[in-house]
$ cat model.txt   # compact mmCIF, C-alpha atoms
# COMPACT_ATOMS: atom_id res chain seq x y z
CA MET E 17 98.47 -135.19 115.12
CA LYS E 18 96.59 -138.03 113.50
CA THR E 19 98.36 -141.37 113.70
CA GLY E 20 97.87 -144.72 112.00
CA MET E 21 95.52 -146.93 114.03
CA ARG E 22 93.68 -150.20 113.60
CA ILE E 23 90.06 -149.79 114.55
CA VAL E 24 87.37 -152.32 115.46
CA MET E 25 83.82 -151.03 115.19
CA LYS E 26 81.21 -152.82 117.27
CA MET E 27 77.84 -153.07 115.55
CA PRO E 28 75.25 -154.34 118.06
CA GLY E 29 73.46 -157.41 116.81
CA LYS E 30 75.88 -157.85 113.91
CA ARG E 31 79.33 -159.28 113.36
CA LEU E 32 82.46 -157.30 114.17
CA ILE E 33 83.88 -155.35 111.25
CA THR E 34 87.57 -154.50 111.11
CA LEU E 35 88.60 -151.27 109.41
CA VAL E 36 92.05 -149.89 108.70
CA ALA E 37 92.34 -146.09 108.67
CA ILE E 38 94.88 -143.32 108.82
CA CYS E 39 93.08 -141.77 111.75
CA LEU E 40 90.97 -142.98 114.63
CA LEU E 41 87.50 -143.68 113.29
CA PRO E 42 84.38 -142.79 115.28
CA PHE E 43 82.62 -145.21 117.56
CA LEU E 44 79.53 -146.76 116.08
CA PHE E 45 76.65 -146.42 118.49
CA SER E 46 73.11 -147.64 118.91
CA GLY E 47 70.22 -147.19 121.27
CA GLN E 48 67.27 -144.86 121.63
CA LEU E 49 67.70 -141.19 120.89
CA LEU E 50 67.26 -138.75 123.72
CA ALA E 51 63.75 -137.42 123.89
CA GLN E 52 63.38 -134.19 121.90
CA SER E 53 62.34 -132.31 125.03
CA GLN E 54 65.66 -133.17 126.68
CA ARG E 55 67.76 -131.64 123.88
CA LEU E 56 69.18 -128.13 123.83
CA TYR E 57 69.38 -125.93 120.74
CA VAL E 58 71.48 -122.94 121.68
CA THR E 59 72.11 -119.82 119.59
CA GLU E 60 72.09 -117.01 122.15
CA GLY E 61 71.47 -116.37 125.84
CA GLN E 62 72.70 -118.30 128.84
CA ILE E 63 71.27 -121.69 129.80
CA GLU E 64 71.47 -123.94 132.83
CA PRO E 65 74.21 -126.57 132.34
CA ILE E 66 73.10 -130.20 132.08
CA PRO E 67 74.22 -132.26 135.11
CA VAL E 68 75.94 -135.48 134.02
CA ALA E 69 77.64 -138.22 136.03
CA ILE E 70 80.76 -139.71 134.43
CA ALA E 71 82.01 -142.80 136.23
CA ASP E 72 85.65 -143.88 136.12
CA PHE E 73 86.12 -146.50 133.42
CA THR E 74 86.52 -150.01 134.83
CA GLY E 75 87.97 -153.38 133.76
CA LEU E 76 91.48 -152.02 133.31
CA ASP E 77 93.14 -155.28 132.35
CA GLY E 78 96.75 -154.62 131.40
CA LEU E 79 96.42 -150.87 132.00
CA PRO E 80 97.66 -148.62 134.83
CA SER E 81 95.10 -148.15 137.57
CA ASP E 82 94.68 -144.43 136.86
CA VAL E 83 93.72 -144.85 133.18
CA GLY E 84 90.02 -145.28 133.98
CA ARG E 85 90.00 -142.04 135.90
CA GLN E 86 92.00 -140.33 133.15
CA ILE E 87 89.47 -141.26 130.46
CA ALA E 88 86.57 -140.06 132.61
CA GLN E 89 88.39 -136.81 133.39
CA ILE E 90 89.10 -136.02 129.73
CA ILE E 91 85.43 -136.57 128.87
CA SER E 92 84.35 -134.44 131.83
CA ASP E 93 86.77 -131.62 130.97
CA ASP E 94 85.54 -131.55 127.36
CA LEU E 95 81.88 -131.36 128.30
CA VAL E 96 82.34 -128.79 131.06
CA SER E 97 84.49 -126.61 128.79
CA SER E 98 81.53 -126.23 126.43
CA GLY E 99 79.57 -124.44 129.14
CA LEU E 100 76.57 -126.69 128.47
CA PHE E 101 77.35 -129.41 131.02
CA LEU E 102 78.00 -129.73 134.74
CA SER E 103 80.01 -132.75 135.82
CA ILE E 104 78.82 -134.20 139.13
CA ASP E 105 81.63 -134.79 141.63
CA SER E 106 82.52 -138.50 141.68
CA ALA E 107 82.83 -138.32 145.47
CA ALA E 108 79.03 -138.29 145.57
CA PHE E 109 78.69 -141.55 143.61
CA ILE E 110 77.35 -144.55 145.56
CA ALA E 111 78.02 -147.63 143.46
CA PRO E 112 78.59 -147.15 139.71
CA PRO E 113 78.01 -150.29 137.61
CA ALA E 114 81.16 -152.35 137.16
CA SER E 115 80.54 -152.63 133.41
CA PRO E 116 78.66 -150.69 130.71
CA ASP E 117 76.64 -153.88 130.15
CA ILE E 118 75.07 -153.63 133.61
CA ARG E 119 71.88 -151.60 134.03
CA PRO E 120 72.38 -148.88 136.67
CA ASN E 121 70.36 -148.60 139.85
CA PHE E 122 68.80 -145.26 139.00
CA ALA E 123 67.76 -144.68 142.61
CA ASP E 124 71.47 -144.02 143.29
CA TRP E 125 71.68 -141.29 140.65
CA THR E 126 68.38 -139.42 140.73
CA PRO E 127 69.09 -137.73 144.12
CA LEU E 128 72.33 -136.32 142.64
CA GLY E 129 70.34 -134.40 140.04
CA ALA E 130 72.04 -136.25 137.18
CA LYS E 131 70.24 -136.21 133.85
CA GLY E 132 72.85 -138.35 132.12
CA LEU E 133 75.07 -141.20 133.31
CA LEU E 134 78.10 -142.45 131.40
CA ILE E 135 79.58 -145.87 132.21
CA GLY E 136 82.63 -147.32 130.47
CA SER E 137 85.33 -149.96 130.52
CA ALA E 138 88.80 -150.27 129.01
CA PHE E 139 91.41 -152.99 128.63
CA LEU E 140 94.37 -154.08 126.52
CA ASP E 141 93.69 -157.08 124.30
CA ASN E 142 96.19 -159.82 123.39
CA ASP E 143 97.54 -157.70 120.53
CA GLY E 144 98.22 -154.76 122.83
CA ALA E 145 95.35 -152.68 121.42
CA LEU E 146 93.30 -150.49 123.72
CA GLN E 147 89.67 -151.66 123.76
CA VAL E 148 87.03 -149.25 125.08
CA GLU E 149 83.26 -149.66 125.51
CA PHE E 150 80.72 -147.23 126.92
CA ALA E 151 77.01 -146.80 127.62
CA LEU E 152 75.13 -143.53 128.08
CA TRP E 153 71.93 -143.57 130.14
CA ASP E 154 69.08 -141.10 130.51
CA VAL E 155 68.55 -140.97 134.27
CA ILE E 156 65.19 -139.19 133.96
CA SER E 157 63.56 -141.77 131.68
CA GLN E 158 65.80 -144.63 132.95
CA ARG E 159 66.54 -145.69 129.38
CA SER E 160 69.67 -146.34 127.38
CA ILE E 161 70.51 -143.43 125.09
CA THR E 162 73.47 -144.83 123.18
CA GLU E 163 76.31 -147.32 123.48
CA GLY E 164 79.42 -148.16 121.50
CA GLY E 165 83.07 -149.02 121.51
CA GLY E 166 86.29 -148.93 119.59
CA SER E 167 89.94 -149.82 119.72
CA ALA E 168 93.21 -148.11 118.96
CA ASP E 169 96.84 -147.96 119.89
CA PRO E 170 97.13 -146.96 123.59
CA ALA E 171 98.61 -143.65 122.40
CA GLY E 172 95.14 -142.83 121.09
CA LEU E 173 93.55 -142.81 124.55
CA ARG E 174 92.86 -139.06 124.53
CA ARG E 175 91.20 -139.23 121.11
CA ILE E 176 88.95 -142.06 122.25
CA ALA E 177 87.90 -139.95 125.23
CA HIS E 178 87.27 -136.92 122.97
CA GLN E 179 85.09 -139.00 120.66
CA ILE E 180 83.01 -140.32 123.55
CA ALA E 181 82.60 -136.74 124.78
CA ASP E 182 81.38 -135.81 121.29
CA PHE E 183 78.70 -138.52 121.47
CA VAL E 184 77.48 -137.27 124.84
CA TYR E 185 77.43 -133.70 123.56
CA GLU E 186 75.53 -134.69 120.42
CA GLU E 187 72.90 -136.73 122.25
CA PHE E 188 72.08 -133.97 124.75
CA THR E 189 72.31 -130.93 122.46
CA GLY E 190 71.18 -132.29 119.11
CA ASP E 191 74.28 -130.66 117.63
CA THR E 192 77.57 -132.02 116.29
CA GLY E 193 80.43 -132.31 118.75
CA TYR E 194 83.80 -130.63 118.30
CA PHE E 195 86.13 -132.23 120.86
CA ASP E 196 87.88 -134.60 118.45
CA THR E 197 89.61 -131.70 116.70
CA GLN E 198 92.95 -129.94 116.61
CA ILE E 199 94.27 -126.39 116.56
CA VAL E 200 97.16 -124.99 114.54
CA TYR E 201 98.46 -121.58 115.58
CA VAL E 202 101.52 -119.32 115.64
CA SER E 203 103.65 -119.73 118.77
CA GLU E 204 105.45 -116.52 119.73
CA SER E 205 108.46 -115.98 121.98
CA GLY E 206 111.16 -113.40 122.59
CA PRO E 207 111.06 -109.61 123.00
CA GLN E 208 108.41 -107.65 121.11
CA ASN E 209 110.93 -106.22 118.65
CA ARG E 210 112.46 -109.63 117.85
CA ARG E 211 109.61 -112.12 118.04
CA VAL E 212 110.31 -115.71 117.05
CA LYS E 213 107.22 -117.19 115.40
CA ARG E 214 106.74 -120.92 114.84
CA LEU E 215 103.84 -123.01 113.65
CA ALA E 216 102.48 -125.13 116.50
CA PHE E 217 99.88 -127.83 116.68
CA MET E 218 97.76 -129.30 119.50
CA ASP E 219 94.47 -130.94 120.40
CA GLN E 220 91.61 -128.52 120.99
CA ASP E 221 92.09 -128.87 124.76
CA GLY E 222 95.78 -127.90 124.56
CA HIS E 223 97.26 -131.39 124.94
CA ASN E 224 99.57 -133.30 122.54
CA HIS E 225 101.40 -130.10 121.68
CA LYS E 226 103.98 -130.10 118.90
CA PHE E 227 106.02 -127.46 117.05
CA LEU E 228 105.91 -127.74 113.25
CA THR E 229 108.57 -125.19 112.21
CA THR E 230 111.91 -124.17 113.69
CA GLY E 231 111.42 -120.42 114.00
CA ASN E 232 114.21 -119.60 111.54
CA ASP E 233 111.67 -117.98 109.20
CA LEU E 234 108.68 -115.82 110.02
CA VAL E 235 105.42 -117.78 109.65
CA LEU E 236 101.89 -116.41 109.75
CA THR E 237 98.20 -117.32 109.49
CA PRO E 238 98.00 -121.12 109.15
CA ARG E 239 94.78 -122.61 107.76
CA PHE E 240 93.54 -126.23 107.79
CA SER E 241 92.30 -127.96 104.66
CA PRO E 242 88.75 -129.39 104.78
CA THR E 243 90.19 -132.88 105.41
CA ALA E 244 92.54 -131.64 108.19
CA ASN E 245 95.36 -133.40 106.32
CA GLU E 246 97.07 -130.22 105.12
CA ILE E 247 97.85 -126.76 106.46
CA ALA E 248 98.40 -123.71 104.25
CA TYR E 249 100.50 -120.92 105.72
CA LEU E 250 102.69 -117.94 104.89
CA ASN E 251 106.46 -118.25 105.26
CA TYR E 252 108.50 -115.05 104.92
CA PHE E 253 111.98 -115.59 103.50
CA ASN E 254 114.13 -112.52 102.71
CA ASP E 255 111.02 -110.44 103.47
CA GLU E 256 109.11 -112.15 100.66
CA PRO E 257 105.88 -114.06 101.42
CA ASN E 258 105.77 -117.65 100.21
CA VAL E 259 102.71 -119.88 100.41
CA TYR E 260 103.43 -123.37 101.70
CA LEU E 261 101.37 -126.51 102.18
CA LEU E 262 102.33 -128.76 105.08
CA ASP E 263 101.24 -132.41 105.22
CA VAL E 264 100.04 -132.99 108.79
CA VAL E 265 100.88 -136.71 108.87
CA THR E 266 104.29 -136.75 107.17
CA GLY E 267 105.47 -133.22 107.94
CA ARG E 268 106.42 -132.73 104.28
CA THR E 269 106.10 -129.17 102.95
CA GLU E 270 105.39 -127.96 99.41
CA ARG E 271 105.99 -124.41 98.23
CA LEU E 272 103.13 -123.17 96.07
CA GLY E 273 104.87 -119.99 95.04
CA SER E 274 106.12 -116.57 96.04
CA PHE E 275 103.59 -113.74 96.17
CA PRO E 276 105.33 -110.41 96.88
CA GLY E 277 102.02 -108.55 96.95
CA MET E 278 100.21 -110.91 99.29
CA THR E 279 98.31 -109.03 101.99
CA PHE E 280 96.32 -111.86 103.56
CA ALA E 281 97.04 -115.56 103.93
CA PRO E 282 95.15 -118.04 101.76
CA ARG E 283 92.14 -120.05 102.90
CA PHE E 284 90.98 -123.36 101.46
CA GLY E 285 87.76 -123.71 99.57
CA PRO E 286 85.14 -126.12 100.98
CA ASP E 287 86.20 -129.01 98.70
CA GLY E 288 89.93 -128.47 99.27
CA THR E 289 90.75 -127.95 95.58
CA LYS E 290 91.16 -124.16 95.74
CA LEU E 291 92.80 -121.45 97.79
CA ILE E 292 91.50 -117.90 98.04
CA MET E 293 93.78 -114.97 98.88
CA SER E 294 94.34 -111.25 98.42
CA LEU E 295 97.24 -109.81 96.43
CA ALA E 296 98.45 -106.22 95.96
CA GLU E 297 99.62 -105.21 92.51
CA ASP E 298 100.18 -101.77 90.98
CA GLY E 299 98.75 -100.07 94.04
CA ARG E 300 95.56 -102.16 94.08
CA THR E 301 94.62 -105.03 96.37
CA ASP E 302 92.21 -107.59 94.97
CA ILE E 303 90.99 -111.10 95.70
CA TYR E 304 92.30 -114.07 93.74
CA GLU E 305 91.55 -117.77 93.57
CA MET E 306 94.13 -120.52 92.99
CA GLU E 307 93.41 -124.01 91.62
CA LEU E 308 95.74 -126.24 93.60
CA ALA E 309 96.04 -128.93 90.91
CA THR E 310 97.33 -126.51 88.26
CA GLN E 311 98.29 -123.53 90.46
CA THR E 312 96.29 -121.37 88.04
CA ILE E 313 95.32 -118.01 89.55
CA THR E 314 92.05 -116.22 88.71
CA GLN E 315 91.34 -112.62 89.72
CA LEU E 316 87.89 -112.23 91.30
CA THR E 317 87.68 -108.52 92.19
CA ARG E 318 88.84 -105.46 90.27
CA SER E 319 88.54 -102.47 92.52
CA ALA E 320 90.51 -99.29 93.10
CA SER E 321 90.12 -99.94 96.83
CA ILE E 322 91.57 -102.58 99.16
CA ASP E 323 89.73 -105.94 99.00
CA THR E 324 91.14 -108.48 101.42
CA SER E 325 90.61 -111.29 104.00
CA PRO E 326 88.26 -113.46 101.91
CA SER E 327 86.43 -116.52 103.28
CA TYR E 328 84.18 -118.98 101.40
CA SER E 329 80.67 -119.93 102.45
CA PRO E 330 80.39 -123.65 103.38
CA ASP E 331 78.79 -124.51 100.02
CA GLY E 332 81.47 -122.59 98.11
CA LYS E 333 78.90 -120.43 96.31
CA TYR E 334 79.71 -117.15 98.07
CA ILE E 335 82.65 -115.26 99.54
CA VAL E 336 82.75 -112.75 102.38
CA PHE E 337 85.57 -110.20 102.51
CA ASN E 338 86.38 -106.75 103.83
CA SER E 339 86.93 -103.68 101.69
CA ASP E 340 87.21 -99.90 101.99
CA ARG E 341 85.45 -99.36 98.67
CA GLY E 342 82.66 -97.54 100.52
CA GLY E 343 85.04 -95.13 102.25
CA SER E 344 85.63 -97.18 105.42
CA GLN E 345 86.61 -100.76 106.16
CA GLN E 346 83.41 -102.81 105.96
CA LEU E 347 82.25 -106.36 105.18
CA TYR E 348 80.94 -107.44 101.79
CA THR E 349 79.69 -110.65 100.21
CA MET E 350 79.83 -111.72 96.58
CA ARG E 351 79.26 -114.79 94.45
CA ALA E 352 82.23 -117.11 94.10
CA ASP E 353 82.89 -115.76 90.59
CA GLY E 354 83.24 -112.20 91.91
CA THR E 355 79.80 -110.91 90.84
CA ALA E 356 76.88 -109.55 92.88
CA VAL E 357 79.00 -107.66 95.43
CA ARG E 358 76.90 -106.54 98.40
CA ARG E 359 77.80 -104.61 101.56
CA ILE E 360 76.52 -106.27 104.74
CA SER E 361 78.02 -104.27 107.65
CA PHE E 362 76.71 -100.81 108.52
CA GLY E 363 77.61 -100.39 112.19
CA ASP E 364 79.98 -97.85 113.70
CA GLY E 365 83.67 -98.67 113.52
CA ARG E 366 85.75 -100.75 111.11
CA TYR E 367 85.27 -104.45 110.30
CA ALA E 368 87.89 -107.03 109.33
CA THR E 369 88.82 -110.75 109.11
CA PRO E 370 85.34 -112.15 108.39
CA VAL E 371 84.95 -115.93 108.58
CA TRP E 372 81.83 -117.77 107.41
CA SER E 373 80.39 -120.22 109.94
CA PRO E 374 80.61 -123.92 108.97
CA ARG E 375 76.83 -124.04 109.37
CA GLY E 376 76.42 -121.21 106.87
CA ASP E 377 74.10 -119.20 109.10
CA ILE E 378 76.34 -116.44 110.50
CA ILE E 379 79.66 -114.67 109.91
CA ALA E 380 82.28 -113.94 112.58
CA PHE E 381 84.44 -110.84 112.35
CA THR E 382 86.87 -108.49 114.08
CA LYS E 383 85.60 -104.99 114.83
CA MET E 384 87.61 -101.88 115.74
CA TYR E 385 85.70 -99.11 117.50
CA ARG E 386 86.84 -96.26 119.75
CA GLY E 387 90.28 -97.70 120.33
CA GLU E 388 89.07 -101.18 121.25
CA PHE E 389 88.88 -104.47 119.39
CA PHE E 390 85.91 -106.83 119.43
CA ILE E 391 85.03 -110.30 118.16
CA GLY E 392 81.46 -110.41 116.91
CA VAL E 393 78.97 -112.29 114.75
CA MET E 394 76.23 -111.23 112.38
CA ASN E 395 73.71 -112.89 110.10
CA ILE E 396 74.84 -113.35 106.49
CA ASP E 397 72.69 -110.37 105.42
CA GLY E 398 74.36 -108.18 108.06
CA SER E 399 71.47 -108.16 110.53
CA GLY E 400 71.64 -109.30 114.14
CA GLU E 401 75.15 -108.07 114.94
CA ARG E 402 76.35 -109.20 118.38
CA LEU E 403 79.72 -108.50 120.01
CA LEU E 404 81.05 -111.45 122.01
CA ALA E 405 84.56 -110.51 123.23
CA ARG E 406 86.58 -107.34 123.62
CA GLY E 407 90.10 -106.22 124.49
CA PHE E 408 93.09 -104.05 123.66
CA LEU E 409 93.79 -106.25 120.63
CA VAL E 410 91.42 -109.13 119.82
CA GLU E 411 91.71 -110.72 116.38
CA ALA E 412 91.60 -113.75 114.09
CA PRO E 413 88.32 -115.57 114.86
CA THR E 414 88.19 -119.22 113.80
CA TRP E 415 85.20 -121.56 114.00
CA ALA E 416 84.85 -124.92 115.67
CA PRO E 417 83.48 -127.35 113.05
CA ASN E 418 79.98 -127.30 114.58
CA GLY E 419 79.73 -123.52 114.16
CA ARG E 420 78.87 -122.94 117.81
CA VAL E 421 82.25 -121.99 119.31
CA LEU E 422 84.86 -119.43 118.27
CA MET E 423 88.58 -119.24 119.05
CA TYR E 424 90.70 -116.09 118.69
CA PHE E 425 93.69 -114.39 120.28
CA LYS E 426 94.06 -111.46 122.65
CA GLN E 427 97.13 -109.30 123.09
CA GLN E 428 97.81 -107.11 126.11
CA PRO E 429 99.16 -103.55 125.73
CA VAL E 430 102.91 -102.97 125.53
CA SER E 431 104.33 -100.42 127.98
CA ASP E 432 106.76 -97.63 127.10
CA THR E 433 109.55 -99.82 128.46
CA GLY E 434 108.61 -102.69 126.15
CA GLU E 435 107.01 -104.81 128.85
CA GLY E 436 103.68 -106.54 128.45
CA GLY E 437 102.26 -107.54 125.10
CA GLU E 438 101.41 -111.10 126.18
CA THR E 439 99.31 -112.89 123.56
CA HIS E 440 96.99 -115.79 124.41
CA LEU E 441 94.31 -117.91 122.76
CA TYR E 442 90.70 -117.80 123.97
CA ARG E 443 87.47 -119.43 122.97
CA ILE E 444 83.85 -118.48 123.53
CA ASP E 445 80.47 -119.86 122.47
CA ILE E 446 78.22 -117.84 120.19
CA THR E 447 75.95 -116.91 123.09
CA GLY E 448 78.75 -114.64 124.31
CA PHE E 449 79.22 -116.64 127.52
CA ASN E 450 81.86 -119.07 128.72
CA GLU E 451 85.01 -117.33 127.53
CA ARG E 452 88.00 -119.53 128.40
CA ARG E 453 91.72 -119.18 127.86
CA VAL E 454 93.45 -122.06 126.03
CA ILE E 455 96.78 -122.79 127.71
CA THR E 456 99.85 -122.93 125.42
CA PRO E 457 103.56 -123.30 126.26
CA ALA E 458 104.35 -119.79 124.97
CA ASP E 459 102.44 -116.80 123.63
CA ALA E 460 100.04 -117.69 120.84
CA SER E 461 98.24 -116.00 117.95
CA ASP E 462 96.47 -116.71 114.64
CA PRO E 463 94.63 -119.92 115.61
CA ALA E 464 92.86 -122.15 113.08
CA TRP E 465 90.43 -124.89 114.09
CA SER E 466 90.48 -128.20 112.23
CA PRO E 467 87.41 -130.05 110.97
CA LEU E 468 86.37 -133.14 112.94
CA LEU E 469 89.16 -135.68 112.60
CA ARG E 470 86.80 -138.57 112.06
$ encode --input "model.txt" --output "structure tokens"
Amino acid sequence: MKTGMRIVMKMPGKRLITLVAICLLPFLFSGQLLAQSQRLYVTEGQIEPIPVAIADFTGLDGLPSDVGRQIAQIISDDLVSSGLFLSIDSAAFIAPPASPDIRPNFADWTPLGAKGLLIGSAFLDNDGALQVEFALWDVISQRSITEGGGSADPAGLRRIAHQIADFVYEEFTGDTGYFDTQIVYVSESGPQNRRVKRLAFMDQDGHNHKFLTTGNDLVLTPRFSPTANEIAYLNYFNDEPNVYLLDVVTGRTERLGSFPGMTFAPRFGPDGTKLIMSLAEDGRTDIYEMELATQTITQLTRSASIDTSPSYSPDGKYIVFNSDRGGSQQLYTMRADGTAVRRISFGDGRYATPVWSPRGDIIAFTKMYRGEFFIGVMNIDGSGERLLARGFLVEAPTWAPNGRVLMYFKQQPVSDTGEGGETHLYRIDITGFNERRVITPADASDPAWSPLLR
């Protein structure tokens, strides 16, 4: 969860500027950009991971001796988890520079095969604030790529490490990082016929876990706002679905209303001023839009079929949804006002839960075919369909904010005796490689990825 922090941004060659923010602000960095030939632009296929050396942070004045190693390990874990980086074992290091201000002896790093070298330092200042500086070097060209620093309450150590990992990721891939993000999901416990479901919250790597609801009421399908400051979710009370907004910082909740015919949880629009949802009324299920300021509801589709699971395009001009108006459950797009409806899926099987990529280039979906579930992606015109993950029950794709990684949940089959049924979160990149389970304290479903916190 974001916490109040006082941040100092270091601007090389200029005076220090002090900023006060609700959340940890990004490091400001300078230096030469990585040569274009060194960058990776990945959309499909498997690539060779980039070898990087990440030295333990030094200069740990006022900090426990293991903090330097902890920062380096968090950065390493983030980068390796992306599947695009290989962290070189620190046991092979000869003599890392004692400070990010010291130019490395590249002859010590070239034999290790390192393409990048990250050096950093950390200390507590007189006010008890954690001060961190870092420098990223291109071992091949022997030039500085970027450098920067920041400060925060010591409790923000993990976020500082995530932000540095984002900078390394961005410099070597040419893409936006996604490590300084959070996940909200539904935590599940108890027997299959009496599941207790609570909203839960954690960093994208599974740390800093926190429960947001008690489990007294059934909660489903949480969704982050574009600012990551609010979460919309369904809360069932007396078997009636209510839409709530939860303030991430204060924990305060606001009930937007009761919607007895709701069939799919609301999603935020790109500017955070609207929610889109599906409601069933008089035997019909259509898509509606709510203005949050006035709570005015506008009907967007009028079909005799079932229109549900809507998701906005990043620019807010279009909506993707699934419908059986063509005789089977397929994906459709339309303009944000409900006009120009167009079918985009034509493959075998049934399609559901489409989610538009934050980049606007592709759409993720759930597919059901021959008794199996799949997570897949397709271009926004329906071409280029690719299936990335499969299982007995695989659902609820959600995008990392850079549009290059998906998270979803998998459930195992339940036996005749009621055993099994374990539900876990997984993530995979859009190449279809590097599927990894995300560890949670209990079973988990319905994940939603936050935007970048900075």
$ closest_residue --input "model.txt" --among "E:Lys226, E:Arg420, E:Arg283, E:Arg318" --to "Ile199 of chain E" --atoms "all atoms listed in the file"
E:Lys226
$ closest_residue --input "model.txt" --among "E:Val155, E:Phe408, E:Ser97, E:Asp462" --to "Asp124 of chain E" --atoms "all atoms listed in the file"
E:Val155
$ residues_around --input "model.txt" --residues "segment 344-357 of chain E" --least-positions-apart "3" --cutoff "9 Å" --atoms "all atoms listed in the file" --output "compact mmCIF listing (two decimals) with C-alpha atoms, in the coordinates of the input"
# COMPACT_ATOMS: atom_id res chain seq x y z
CA ILE E 303 90.99 -111.10 95.70
CA GLN E 315 91.34 -112.62 89.72
CA LEU E 316 87.89 -112.23 91.30
CA THR E 317 87.68 -108.52 92.19
CA ARG E 318 88.84 -105.46 90.27
CA ILE E 322 91.57 -102.58 99.16
CA TYR E 328 84.18 -118.98 101.40
CA SER E 329 80.67 -119.93 102.45
CA GLY E 332 81.47 -122.59 98.11
CA LYS E 333 78.90 -120.43 96.31
CA TYR E 334 79.71 -117.15 98.07
CA ILE E 335 82.65 -115.26 99.54
CA VAL E 336 82.75 -112.75 102.38
CA PHE E 337 85.57 -110.20 102.51
CA ASN E 338 86.38 -106.75 103.83
CA SER E 339 86.93 -103.68 101.69
CA ASP E 340 87.21 -99.90 101.99
CA ARG E 341 85.45 -99.36 98.67
CA ILE E 360 76.52 -106.27 104.74
CA SER E 361 78.02 -104.27 107.65
CA PHE E 362 76.71 -100.81 108.52
CA GLY E 363 77.61 -100.39 112.19
CA GLY E 365 83.67 -98.67 113.52
CA ARG E 366 85.75 -100.75 111.11
CA TYR E 367 85.27 -104.45 110.30
CA ALA E 368 87.89 -107.03 109.33
CA THR E 369 88.82 -110.75 109.11
CA PRO E 370 85.34 -112.15 108.39
CA PHE E 381 84.44 -110.84 112.35
CA ILE E 396 74.84 -113.35 106.49
CA ASP E 397 72.69 -110.37 105.42
CA GLY E 398 74.36 -108.18 108.06
$ residues_around --input "model.txt" --residues "Ile104 of chain E" --least-positions-apart "4" --cutoff "7 Å" --atoms "all atoms listed in the file" --output "list in words"
Pro67, Val68 and Ala69 of chain E
$ write_last_selection --input "model.txt" --atoms "C-alpha atoms" --output "PDB file, in the coordinates of the input"
ATOM      1  CA  PRO E  67      74.220-132.260 135.110  1.00  0.00           C
ATOM      2  CA  VAL E  68      75.940-135.480 134.020  1.00  0.00           C
ATOM      3  CA  ALA E  69      77.640-138.220 136.030  1.00  0.00           C
TER       4      ALA E  69
END
$ residues_around --input "model.txt" --residues "Phe183 of chain E" --least-positions-apart "2" --cutoff "12 Å" --atoms "all atoms listed in the file" --output "PyMOL selection string"
chain E and resi 42-46+49-50+91+94-95+134+150-152+161-165+176-181+185-196
$ write_last_selection --input "model.txt" --atoms "C-alpha atoms" --output "tab-separated table (two decimals), in the coordinates of the input"
chain	number	residue	atom	x	y	z
E	42	PRO	CA	84.38	-142.79	115.28
E	43	PHE	CA	82.62	-145.21	117.56
E	44	LEU	CA	79.53	-146.76	116.08
E	45	PHE	CA	76.65	-146.42	118.49
E	46	SER	CA	73.11	-147.64	118.91
E	49	LEU	CA	67.70	-141.19	120.89
E	50	LEU	CA	67.26	-138.75	123.72
E	91	ILE	CA	85.43	-136.57	128.87
E	94	ASP	CA	85.54	-131.55	127.36
E	95	LEU	CA	81.88	-131.36	128.30
E	134	LEU	CA	78.10	-142.45	131.40
E	150	PHE	CA	80.72	-147.23	126.92
E	151	ALA	CA	77.01	-146.80	127.62
E	152	LEU	CA	75.13	-143.53	128.08
E	161	ILE	CA	70.51	-143.43	125.09
E	162	THR	CA	73.47	-144.83	123.18
E	163	GLU	CA	76.31	-147.32	123.48
E	164	GLY	CA	79.42	-148.16	121.50
E	165	GLY	CA	83.07	-149.02	121.51
E	176	ILE	CA	88.95	-142.06	122.25
E	177	ALA	CA	87.90	-139.95	125.23
E	178	HIS	CA	87.27	-136.92	122.97
E	179	GLN	CA	85.09	-139.00	120.66
E	180	ILE	CA	83.01	-140.32	123.55
E	181	ALA	CA	82.60	-136.74	124.78
E	185	TYR	CA	77.43	-133.70	123.56
E	186	GLU	CA	75.53	-134.69	120.42
E	187	GLU	CA	72.90	-136.73	122.25
E	188	PHE	CA	72.08	-133.97	124.75
E	189	THR	CA	72.31	-130.93	122.46
E	190	GLY	CA	71.18	-132.29	119.11
E	191	ASP	CA	74.28	-130.66	117.63
E	192	THR	CA	77.57	-132.02	116.29
E	193	GLY	CA	80.43	-132.31	118.75
E	194	TYR	CA	83.80	-130.63	118.30
E	195	PHE	CA	86.13	-132.23	120.86
E	196	ASP	CA	87.88	-134.60	118.45
$ axis_aligned_box --input "model.txt" --around "segment 189-200 of chain E" --padding-each-side "3 Å" --output "lines of an AutoDock Vina configuration file"
center_x = 84.2
center_y = -129.8
center_z = 118.5
size_x = 32.0
size_y = 15.6
size_z = 13.9
$ residues_around --input "model.txt" --residues "segment 244-260 of chain E" --least-positions-apart "3" --cutoff "6 Å" --atoms "all atoms listed in the file" --output "ChimeraX atom specification"
/E:234-241,263-264,270-276,466
$ atom_distance --input "model.txt" --atom1 "atom CA of Gly206 of chain E" --atom2 "atom CA of Asn232 of chain E"
13.0 Å
$ residues_near_point --input "model.txt" --point "(100.5, -135.3, 125.0)" --cutoff "12 Å" --atoms "only C-alpha atoms" --output "ChimeraX atom specification"
/E:17,171-175,217-226
$ atom_distance --input "model.txt" --atom1 "atom CA of Asp82 of chain E" --atom2 "atom CA of Val265 of chain E"
29.7 Å
$ closest_residue --input "model.txt" --among "E:Ser92, E:Arg159, E:Gly299, E:Phe284" --to "Asn121 of chain E" --atoms "all atoms listed in the file"
E:Arg159
$ closest_residue --input "model.txt" --among "E:Ala71, E:Ala460, E:Ala416, E:Ala138" --to "Pro120 of chain E" --atoms "all atoms listed in the file"
E:Ala71
